[in-house]
Structure formats: C-alpha cells, structure tokens
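The next block holds one structure in the form of structure tokens; read it before the comments.
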Amino acid sequence: MSEQCPHGPTTFSSRTELGMLETAPPAKGLRAILRYDLPASLVVFLVALPLSLGIAVASGAPILAGIIAAIVGGIVAGALGGSPLQVSGPAAGLTVVVAGLIAEFGWGVTCAITVGAGILQILFGLSRVARAALAISPVVVHAMLAGIGITIALQQMHVLLGGASKSSAWENIEGLPAQLMSIHGPGFLLGMLVIVTLVAWRWVPAPVNRIPGPLVAIVGVTALSVLLPFDVKRIQINGSLLDSLTLPTMPTGDWDGVIAGVLTVALIASVESLLSAVSVDRMHNGPRTNFDRELIGQGTANAISGAIGGLPITGVIVRSSTNVLAGAKTRASAILHGVWILAFAVPFAGLAQMIPTAALAGLLIVIGCQLVKKAHIETARRTGDIAVYVITVLGVVFLNLLEGVLIGLALAVALTVWRVIRAKIVTEHIAGNDWRIVIEGSVSFLSLPRLTSALASVPAGSDVTIELSVDFIDHAAHETIDEWKRQHIAGGGTVEIHEHGTAELHNAAVGPPTRTFTPFDKRSGVVPWKSQPQTNSVMDGLETYHRRTAPMLRPHMEELIHTQKPQTLFITCVDSRVVPNVITSSGPGDLLTVRNVGNMIPEGRADASIEAAIAFAVDVLEVSSIVVCGHSNCGAMTALLDGAQGGGIDRDEHLHTWLEHGDATLRAFDEGRHPVALAAGEEGFGIVDQLSIVNVSLQVQSLAAHPLVRARHRAGDLEVIGLFYDIGTAAALRVTPAGVDRLIEVAE
C-alpha cells in the first residue's frame, strides 16, 4: 500500500515491523562491510574492552576470563546467533550469580556450569521454546537488573574506598561506615575521577564524544596513576591470555547446587539475550531476530567459553546499541569486534596490570547505577507494578538472585490474576425506592463474597436495576444473581437487568464459562439498537448514554469545552449506515462533519451551508484534510439513474431540485464508460456503485479546484481524499483517478 504525502510517496511494506517505515534495503557485500561494519566494530571493541575487564573483576573470576568471553561472544555468538546486530559478551547481569558460584564451587567448576548452561540453551533453541522466555514479566527482568546493579555498586564501593567487598549486601552496608573511616585517598581519587568522567562524557561535544567514555576514563586514569607517584592496588594477571585458557573441572559433590547453577545461568542468560535482541530490533529496520537461532548461538558461545576458561555470555544491550548507532549493517561487525579484542589481548594483555583496581571499581559503580533505570521505575509506578519492582529488587539484593526473581514472578502472576478476576461491584441509591447495582469485569465464584454483600445491601421491596457489563461470568455468579432476583421479586420488589458486556448472563447456565470479546463496546453507541434488547428508541439510547457512556466521555469533553481543533472536514451522505467516526476510528473533536443527500458539493454558491462549512474548516480551523465519502447502494445515485432512464424522480419536488446538482456526475458517467467506472466495474461493483464512485471522484476534483481550497491544496498543506464505503463488507476504499484501492485486505 502506498500513501501519498505532500513531499512524495511513502511506501508501507508488509515486512515493516514494530511500526517503523521501511527504508532502502541494506547494502551487501565486502564494500558494505568495509564502509559500515568495520568502523562500527572498532567502536564496539573500544567499548567492550574495559567493560569485559570490569565484569571479570566484579565476578571474582580471573581477569582475562572476561576477555576470553568477549572474544568468544563476538566471534561465535555473532556468527551463529539469530540477531544480526546484537553483540554478545560477559554481562553485568550475571556477575552476582557467577560470584556466588565461584565462592561456592571454585573457578573450574563454574566453567563446567557455564558449559552445562550453554548446552541447555542449545536444547532450548532446538526445541523452539525461545519465545516462551519472553513471557517473563518485563518489570521482573528490569527489577532483577536493578538489584544486580545495586549489589555491584555496594560491593565496589568498598574497593573504591581501598578495601575488599563483602560476601553479602547486608555485610557491605554494615561495613561501609568503618570503610569510610579508613579510606585510601589516592585510590579513591582515581576511582572518583573515573566516575566523574563517565557521568560527564554525555555532555562532551562531537566529534570527541565518539570516543567511548569507558575507554577514555580507564586509559586516562591509568596513565595518570603511572605518571604521578600514586601507590595504589592494581589488577593482577597470572600469565598471558594463552596461560588463562583452562579446562573446566567436574564437581565432586553437591550436584543439586551444580544443577541449580546450570539452570540459573541458562535461564538468566537466555532471557537477558532475548530481551536485548528485542530491544535491538526496535533500533533498526533490518532483518528481525530468529529467537531460536539466537539461543543456539548463545548456547554454543557459552559452551565454548566455559570450556576454555571464559565467563558466561549473553547478548549485551550496551554493546549492541553502540553497534547499531555506529552504523553496523550485518553480523560482520559483531564478529570483527571479537577479532579486534583477540588481536589486542594476545600481545598486550599484560598492559591490564597497570589499571588501578579503584579505577575499575569506579567503572563498575557507574555500570551498576546504570542498571537502575529511572524510566523503568516510572513505568512500573505508572502501570501499578511498583510493588513487584521494589520487592524483586529487595529480594535480589538481600536474599539472592534466584529467590528474588522467583518472588517477583510469583507476585507478578498473583497481581495479574487479581486484576483479571477482580470485579467492580457498586451499589447506588438513586432516589426514593430506586436502586442500581453496577457489576463490571470478570465475575466468578471468587467474587461471591462481594457480590452477595452488595445484593444484600439493597432494601427489600425496592426497584432495582442491575447494570451487568462483564466479559466473563461463571455459573456460581449466575446462580447467585438469579436466586437473589427471585427472592427480591417475591418480597415485593422489582429487578431489571441491563446487559452491556460481551458475556451474557444466561450463557453461564448453558455451558462452560468463556471469556468473550467484541470489537465494539456496547456502551459507546456503536452497536445498533436491534442488537440490544433493552434499547429500542432514541430515549432508551439516551438513557444508556447517560448511564454508561457519558462518564467515560466526560474527561475528554472537558478538554473541548472552549475550543475545537478537528483535523478533517468529512463530507458524506445522509445515509444512516455511514458512521464517519466509526469508519475513521475517531471521536469527538476529530471530524467536522457535513452531510447531504449524495455527498455532493454544488458548483458556485448553490449551497450556502456547504460553502460556509468549507470556509470555516479551511480558513478558521485550518484542517489538514478534506474527505468526500460515498457509499454502496446509495439511494441518491439510484434516483439519479432512475431519472436518467425516465423513472419516477419527478414525483418528489425537493429531491428532484437537489439531484440536479448530480447532472454533471451523470454526464461524466456516460453509461459506465468513465475510466473510474470501468475500473470499479472490473472490481465487481454494480452500476449504482460505479456511479457513486465516479461521483466521489468528481467531487474531489471539484474541491481541489475550489477557490477556498485551491491555494492550500497546491501548497501541499491540505489533502483532499476520496473514500467509498462498501456497506456489505464494511470496507473503506480509497477513490483515486484510476479507480478504487483497498486500504487493507478485508477479512472474510
């Protein structure tokens, strides 16, 4: 489908995903790699190098284990993964888990656990369950990362101050005052310099800010610590990168703990990688992620990394977003970044021993703080999930990662169930002997305590109206309402039930309860009266409007008290089957609507009302578009044809006078030989509908040339659109000079 805009055609493709416009296809071949992927890989390499060292330090693993993981993640996961632009490597999200495993089992067994987790990830990918991992509530994942970030920051605060991190968050908090009293000045100064550099780097002007901030901070502070007489602790590396290649060690006991470790690493690494891939997909217009292949690639990388002495690997959003923003087009960028790390680490790994531990502590504190995102907290607060977020964070920080996540998931599920099953039940005393009970939502046996309480609160002998607007009701609730109704009527009262929801009360007694939905809300006035047993007239409809629709509409209408700013002047027929706000999915304040018989725009000043509406819309309201909408089986078009064929049009003086404005349409139509009519005929439209489509086409041309419209239309500030509403299929079609274009395929 193509939508024309004043600045030229914009094409929407079926391949467009996540609401983004498709741009030109990505360049391919060696030339594109050299132009886009090579420079991007160098940028990612400079970002990944210090981060990999810092994550190894935070995990308590051998320093070069982070470099090994970065190399394997870049080359293996980059080549085999299903997300072409995602960059993988050691991630801050697993530091707490890895530190716990190393403390409990040692480094060799931790490597074996990493291998096991990788194999499990491969099995996940082969079994095609990757998308199931995305079912985990995002608020729990965000809280998990925030908890990890807080834990890292608490640990590294001690290192920044010149001490050693403790084994738990409580101990780190309790020991902080004493650590502050014995602060190591030079190290603290260097670490704070790293923090200040990283925080301030966002305000550094281009092109300097293209250099990664972590690289500038670590290299600059390390050089300062060497040039000035600073006596500080530095990173210790035992041997070269080749010396750091170690085989995993099989555990000698506590297999339950080992299995739990494998599951934990596999699940967290999988979820973090998949969520990162989803985020990366939103940043570019290229191929989408194959989630099963991504898990296979991540699993293969973890199996290899663990087998040669590397840290666990995940897809990392920091490196991946850097990769996309740097202009990468293919997976070659991720692979090359791993090659650059390998090329640097083999001859120059020893240079890492010059880095002060306090400098890396400063880097890790910033990384930890960045995992606590204000946007995630605000989203959790706005969506009512703040309790899940806070409890998950506290669980991760003060218990352990697995228990914290499980508690968060359990709470998220419980909250979701509560929201789904919780019905709104309100009893209202209207006046005198009249009462109303409003029941909304999902009503089941779990709602019976509140339901029976509400019903019992209504005085005997009163006149009761029950407003039932539910999407689910089970037999228990039906039986309760039915029994109460019988007893209330027996006591001299009356009960009238108005059903506005998608689930009907009687259905609960004839079969298993089901949750049903409809594309229309009965409260909105979209469903015809004949589909609503209690609504048979204007007055019944008005009563329903004031009772059900007005309260929902009132907040919006309050914004429109003093002004209106519609975007479109909508000119259509008086036919009752054409409802402009339904067709355009719009509401009050969106359309300035004009109706007349046959949606015609008489030439000159033959109709002062239409002229006034056009002038008001164009000159005063400054609408951005004018729509002329005809429809199928139009009575005006039928009358025009009957008159042309000697029919009975002359019997109605008023109709005859008005339809004279359609003579130009009849002449242009010329028995179906007009190009638009021919095109409509090929689409299967009958002669009346062909005439209606020609009429829309001519009215659009007339409007475009209208003195009130012409200048803005030619300047591209005002669009004139023709529509044809096919009543039988409820489809709105675009009328063009060549015929009619379906805006979307009609679902039968």
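Ordering of the structure tokens sets the chain letters (A, B, ...), residue numbers begin anew at 1 in every chain, and ligands are numbered from 1 in the order given.
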### Task
Just the residues within 7 Å of segment 560-576 of chain A, please, counting only C-alpha atoms, with nothing from its chain fewer than 5 positions along; format it as a PyMOL selection string.
chain A and resi 589-599+617+621+623-630
### Task
Name the residues of segment 325-557 of chain A that fall into alpha helix (DSSP H) according to DSSP on the backbone, using the chain letters and numbers of this document, as a ChimeraX atom specification.
/A:325,332-348,357-371,374-382,386-398,401-421,448-456,475-490,538-544,550-557
### Task
Select, from A:Val709, A:Val129, A:Val696, A:Ile152, the residue with the minimum atom-to-atom distance to Ala613 of chain A, counting only C-alpha atoms.
A:Val709
### Message
Could you list, as a PyMOL selection string, every residue within 10 Å of Ile235 of chain A, counting only C-alpha atoms and ignoring same-chain residues fewer than 2 positions away?
### Response
chain A and resi 53+57+63+233+237+350-360
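Among the candidate residues A:Pro248, A:Gly541, A:Pro214, A:Gly492, the one lying nearest to Gly108 of chain A is A:Pro248, with distances computed using only C-alpha atoms.
Nearest-residue note for Ile148 of chain A: choosing from A:Gly93, A:Gly395, A:Gly66, A:Pro50, the minimum distance belongs to A:Gly93, counting only C-alpha atoms.
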Write out as JSON lines the residues of segment 45-120 of chain A that have any atom within 10 Å of an atom of segment 398-410 of chain A, one row each with the nearest atom pair and its distance in Å to one decimal, counting only C-alpha atoms, sorted by chain and then rising number.
```
{"residue": "A:Gly93", "atom": "CA", "partner": "A:Leu401", "partner_atom": "CA", "distance": 10.0}
{"residue": "A:Leu94", "atom": "CA", "partner": "A:Leu401", "partner_atom": "CA", "distance": 9.4}
{"residue": "A:Val96", "atom": "CA", "partner": "A:Leu401", "partner_atom": "CA", "distance": 7.4}
{"residue": "A:Val97", "atom": "CA", "partner": "A:Leu401", "partner_atom": "CA", "distance": 7.0}
{"residue": "A:Gly100", "atom": "CA", "partner": "A:Asn400", "partner_atom": "CA", "distance": 9.1}
```
